[in-house]
Amino acid sequence: MGKVKRVLLGAFLLALLGVCACGTKDTEEAKSGEMQSEYTPTPKLSSSEKKEYYETAEKKYSEGDLLRALELYLKLGKYKDAKEKVAECEDVVYSDAKKLYKAEDYEEAMEAFIILGGYEDSREYVEKCQDNIDYHEALLKFEKAEQSKKPTDYKSTRELFLKLGDFEDSVYYADESGYRCAVLYMNDGRLEDAYNAFKEVGDYEDSEKLGKDCYQRFNYEYAVAKLQAGKDSEAVEYFKKIPGYKDSDRQIDRITNENGGNETYAEATEVKVNQNYQMQISSTDDIDWYKIELEKEAILKFELKNDKKNVSLFLSKDGSKSSELLKASTDASVATKAYQLPEGTYYLRAQSVKKSDQIPGEYSFSITEVSGDYSFIEIESNDELDNATQIKCGINCEGNLENESSERSGDWYIFELEKDCVVSITGTMGANTNALSCVMGIYRNPTWYSPSWGSSYWDGNVMDVTVGVGSMATSDLISFKAGTYYVHVYSGNGEYAFTVNAEVTDTKKLGREIEYNNNPTAANEIEIGKEYSGELKNETFEHSLLGDWFVFELDKDSVVSITGTLKHRGDASSCKMGIYQNPTWYSPSMGSSYWQGNVVRMTVGVGSTATSDLISFKAGTYYVYVYSGNGEYTFTVNSEANK
């Protein structure tokens, strides 16, 4: 029974039974202090209506339905022996109601206690029942929030628990819901919302620490944005809110005592390509800003010279650290970096890398346009699929992960294959001691899949490779159809680089699956009698719309079988191979979905080979479907014309 429905029922019964101050009792009962159901007889009942009510009440009474009998007797007031029957029913109904309450059937119990009105402590039990109903609804809401992982769901859950006060462990769930809401806001970059949410839960867990961090971060971001917009006075107000955080104090001092120069993003000096610049840093806190306008895509070489080896040059899209594209550091007296950049505005920041008494002094840098293939850098922010950085095959791409340890986060790139190709990806991970191994994957039509069971993940993975710290790894070669693909780099912390290797070839001659072939309309064409290979990546369920599809033609009625092998691999599991005619996805209202049209099916164990029974097929089009496994496989469709 829904909450609104219960409230309406309660209001109706209260009004109907007169559970209010207007209820009457006999003077004798009032004097004796005996507690009975408060009621007001139903007004203006005719004699025939009273008779009908009474007869119905007697019938319910004789059938043992004392709750309904009591409800009717209460309406009759002093008619015949209705009042005495009320007294007879109350004890039993009260006892039964308490049993229902103990059995946690709170809705039925509450209805009975409402009818009992002021009898004993029935009113208190009505409140207890409502609290329990609301509490269980709040728990259900919490479970749904756990599945959706939406901050708004946790926020509304917290409000439900807050209304319950200190009932059961509502205080804990209210704080936990608020805390999880705040963490989700924080992870989504909604720092001000996160701060307010952390503030609401007070000192729960590490809310004060995280809230303070969010407060400092979003105020700093606002301040930087104001600087970039040339609104220095407004920027100062935000910097003042976070004294001691990053360079807030220095920025306040600089803006307040403005002395010109190019010490801020907003004051960046415009520089040109194919020119050399001789500059000087006057102190270890001095920063020089420069701006480059690129009217078209170009490959630029950045060269930094500094004899003292203590100046670094940073390139970014908007001046923020999160958008930094390169760092040219003078571990040697000369540092050179070359990158392919799309048109747009870029900013250079030069600053000291050593906080010491040694003043960096003079440095020089040059920006030169060159030809050839150089590294392509990630264009921040590319943490979302829609903001993927455009790249080209065969060109080294560099980027940086900052604690992007889950598959949901990471960096996205997009590239085009104009023809069918054999593709692999080679990746390297910097030797940063704080780094973790990262995963690089290629996807076709990536979609975030969040099932009601199990973990969420990006659907559409075609290949991936794990790259350890300070090492290089190359994925297997896989045939790809012409089209648009994505590279996703995630689960790591540190600098990385990768290259998508693609070689145009006649993929049909390779005898290997051509990705993406995970549905019948994208099935690979194969030949009878030829061996084909492929790989399954945790495609474990026939009803999950995963697996590999192939299609072949029978020119004549034939006797057909399929022979399959699953290569031995540590994490491999047995797979299924089937032959289908007119495969159709069947999704009933109850039970599991699956592909209809199966004609032949067999299971192939790890490191073994299996051959299906021979079955006579009519001439026509048929499909091979390989699914329910994890590992590399091979198969051959065998056919002999009917004699």
# chains A, B, ... in the order shown; residues from 1 in each chain; ligands from 1

call {"tool": "residues_around", "arguments": {"residues": "region 626-631 of chain A", "least_positions_apart": "4", "cutoff": "12 Å", "atoms": "only C-alpha atoms", "output": "PyMOL selection string"}}
result
chain A and resi 463+513+517-520+523+532-551+562-580+594-595+598+600-607+635-636

call {"tool": "residues_around", "arguments": {"residues": "Asn461 (chain A)", "least_positions_apart": "4", "cutoff": "9 Å", "atoms": "only C-alpha atoms", "output": "number ranges by chain"}}
result
A: 441-446, 537

call {"tool": "write_last_selection", "arguments": {"atoms": "N, CA and C atoms", "output": "compact mmCIF listing (two decimals), in the first residue's frame"}}
result
# COMPACT_ATOMS: atom_id res chain seq x y z
N GLY A 441 42.31 0.53 -24.38
CA GLY A 441 41.38 -0.29 -25.14
C GLY A 441 40.86 0.42 -26.36
N ILE A 442 40.49 -0.35 -27.39
CA ILE A 442 39.86 0.21 -28.58
C ILE A 442 38.40 -0.23 -28.59
N TYR A 443 37.49 0.71 -28.83
CA TYR A 443 36.05 0.47 -28.75
C TYR A 443 35.36 0.87 -30.05
N ARG A 444 34.29 0.16 -30.36
CA ARG A 444 33.39 0.54 -31.46
C ARG A 444 32.03 0.83 -30.84
N ASN A 445 31.49 2.02 -31.09
CA ASN A 445 30.20 2.43 -30.53
C ASN A 445 30.16 2.22 -29.01
N PRO A 446 31.10 2.79 -28.25
CA PRO A 446 31.11 2.56 -26.80
C PRO A 446 29.85 3.09 -26.14
N LYS A 537 35.70 -11.64 -25.16
CA LYS A 537 36.16 -10.90 -23.98
C LYS A 537 35.02 -10.86 -22.97

call {"tool": "residues_around", "arguments": {"residues": "Asp206 (chain A)", "least_positions_apart": "2", "cutoff": "12 Å", "atoms": "only C-alpha atoms", "output": "list in words"}}
result
Asp175, Glu176, Tyr179, Arg180, Ala182, Val183, Phe198, Lys199, Val201, Gly202, Asp203, Tyr204, Glu208, Lys209, Leu210, Gly211, Lys212 and Asp213 of chain A

call {"tool": "closest_residue", "arguments": {"among": "A:Lys246, A:Lys144, A:Lys155, A:Lys60", "to": "Ala223 (chain A)", "atoms": "only C-alpha atoms"}}
result
A:Lys246

call {"tool": "residues_around", "arguments": {"residues": "region 229-235 of chain A", "least_positions_apart": "3", "cutoff": "12 Å", "atoms": "only C-alpha atoms", "output": "VMD selection string"}}
result
chain A and resid 219 to 226 238 to 242 248 to 249 251 to 258 264 to 268 318 to 319

call {"tool": "residues_around", "arguments": {"residues": "Ala112 (chain A)", "least_positions_apart": "3", "cutoff": "6 Å", "atoms": "only C-alpha atoms", "output": "PyMOL selection string"}}
result
chain A and resi 97+109+115

call {"tool": "write_last_selection", "arguments": {"atoms": "N, CA and C atoms", "output": "PDB file, in the first residue's frame"}}
result
ATOM      1  N   ALA A  97      -3.799  -7.072  16.694  1.00  0.00           N
ATOM      2  CA  ALA A  97      -3.053  -5.967  16.083  1.00  0.00           C
ATOM      3  C   ALA A  97      -1.600  -5.980  16.551  1.00  0.00           C
ATOM      4  N   ALA A 109      -1.572  -3.896  10.752  1.00  0.00           N
ATOM      5  CA  ALA A 109      -1.622  -3.546  12.170  1.00  0.00           C
ATOM      6  C   ALA A 109      -2.107  -2.110  12.350  1.00  0.00           C
ATOM      7  N   ILE A 115      -8.694   1.819  13.952  1.00  0.00           N
ATOM      8  CA  ILE A 115     -10.079   1.496  14.313  1.00  0.00           C
ATOM      9  C   ILE A 115     -10.233   1.466  15.831  1.00  0.00           C
TER      10      ILE A 115
END

call {"tool": "residues_around", "arguments": {"residues": "region 44-48 of chain A", "least_positions_apart": "5", "cutoff": "10 Å", "atoms": "only C-alpha atoms", "output": "number ranges by chain"}}
result
A: 53-54, 75-76, 79

call {"tool": "residues_around", "arguments": {"residues": "Leu66 (chain A)", "least_positions_apart": "2", "cutoff": "12 Å", "atoms": "only C-alpha atoms", "output": "ChimeraX atom specification"}}
result
/A:56-64,68-74,85-97,112,115-116

call {"tool": "write_last_selection", "arguments": {"atoms": "C-alpha atoms", "output": "PDB file, in the first residue's frame"}}
result
ATOM      1  CA  THR A  56     -23.698  -7.314   9.138  1.00  0.00           C
ATOM      2  CA  ALA A  57     -21.737  -6.700  12.343  1.00  0.00           C
ATOM      3  CA  GLU A  58     -23.291  -9.781  13.963  1.00  0.00           C
ATOM      4  CA  LYS A  59     -22.408 -11.844  10.889  1.00  0.00           C
ATOM      5  CA  LYS A  60     -18.779 -10.659  10.979  1.00  0.00           C
ATOM      6  CA  TYR A  61     -18.708 -11.322  14.698  1.00  0.00           C
ATOM      7  CA  SER A  62     -19.982 -14.879  14.258  1.00  0.00           C
ATOM      8  CA  GLU A  63     -17.419 -15.458  11.449  1.00  0.00           C
ATOM      9  CA  GLY A  64     -14.610 -14.369  13.748  1.00  0.00           C
ATOM     10  CA  ARG A  68     -14.756  -5.553  10.759  1.00  0.00           C
ATOM     11  CA  ALA A  69     -17.399  -6.300  13.405  1.00  0.00           C
ATOM     12  CA  LEU A  70     -15.818  -3.700  15.723  1.00  0.00           C
ATOM     13  CA  GLU A  71     -15.708  -1.167  12.904  1.00  0.00           C
ATOM     14  CA  LEU A  72     -19.487  -1.584  12.363  1.00  0.00           C
ATOM     15  CA  TYR A  73     -20.441  -1.725  16.064  1.00  0.00           C
ATOM     16  CA  LEU A  74     -18.636   1.583  16.581  1.00  0.00           C
ATOM     17  CA  LYS A  85     -20.040  -5.834  21.650  1.00  0.00           C
ATOM     18  CA  VAL A  86     -17.446  -3.089  21.195  1.00  0.00           C
ATOM     19  CA  ALA A  87     -16.042  -3.895  24.607  1.00  0.00           C
ATOM     20  CA  GLU A  88     -15.999  -7.640  23.730  1.00  0.00           C
ATOM     21  CA  CYS A  89     -14.125  -7.059  20.451  1.00  0.00           C
ATOM     22  CA  GLU A  90     -11.570  -4.547  21.640  1.00  0.00           C
ATOM     23  CA  ASP A  91      -9.321  -6.905  23.613  1.00  0.00           C
ATOM     24  CA  VAL A  92      -9.136  -9.470  20.823  1.00  0.00           C
ATOM     25  CA  VAL A  93      -8.628  -6.901  18.045  1.00  0.00           C
ATOM     26  CA  TYR A  94      -5.958  -5.150  20.141  1.00  0.00           C
ATOM     27  CA  SER A  95      -4.170  -8.437  20.795  1.00  0.00           C
ATOM     28  CA  ASP A  96      -4.311  -9.409  17.106  1.00  0.00           C
ATOM     29  CA  ALA A  97      -3.053  -5.967  16.083  1.00  0.00           C
ATOM     30  CA  ALA A 112      -6.537  -2.140  13.264  1.00  0.00           C
ATOM     31  CA  ILE A 115     -10.079   1.496  14.313  1.00  0.00           C
ATOM     32  CA  LEU A 116      -9.269   0.922  18.002  1.00  0.00           C
TER      33      LEU A 116
END

call {"tool": "select_by_dssp", "arguments": {"residues": "region 499-591 of chain A", "states": "strand (DSSP E or B)", "output": "PyMOL selection string"}}
result
chain A and resi 499-504+512+514-515+524-525+531-539+548-554+558-566+573+575-586

call {"tool": "select_by_dssp", "arguments": {"residues": "region 211-257 of chain A", "states": "helix (DSSP H, G or I)", "output": "MDAnalysis selection string"}}
result
chainID A and resid 211:228 232:240 248:256

call {"tool": "closest_residue", "arguments": {"among": "A:Ser589, A:Thr621, A:Ser352, A:Asn524", "to": "Val311 (chain A)", "atoms": "only C-alpha atoms"}}
result
A:Ser352

call {"tool": "closest_residue", "arguments": {"among": "A:Ile292, A:Val560, A:Leu417, A:Leu401", "to": "Gly483 (chain A)", "atoms": "only C-alpha atoms"}}
result
A:Leu417
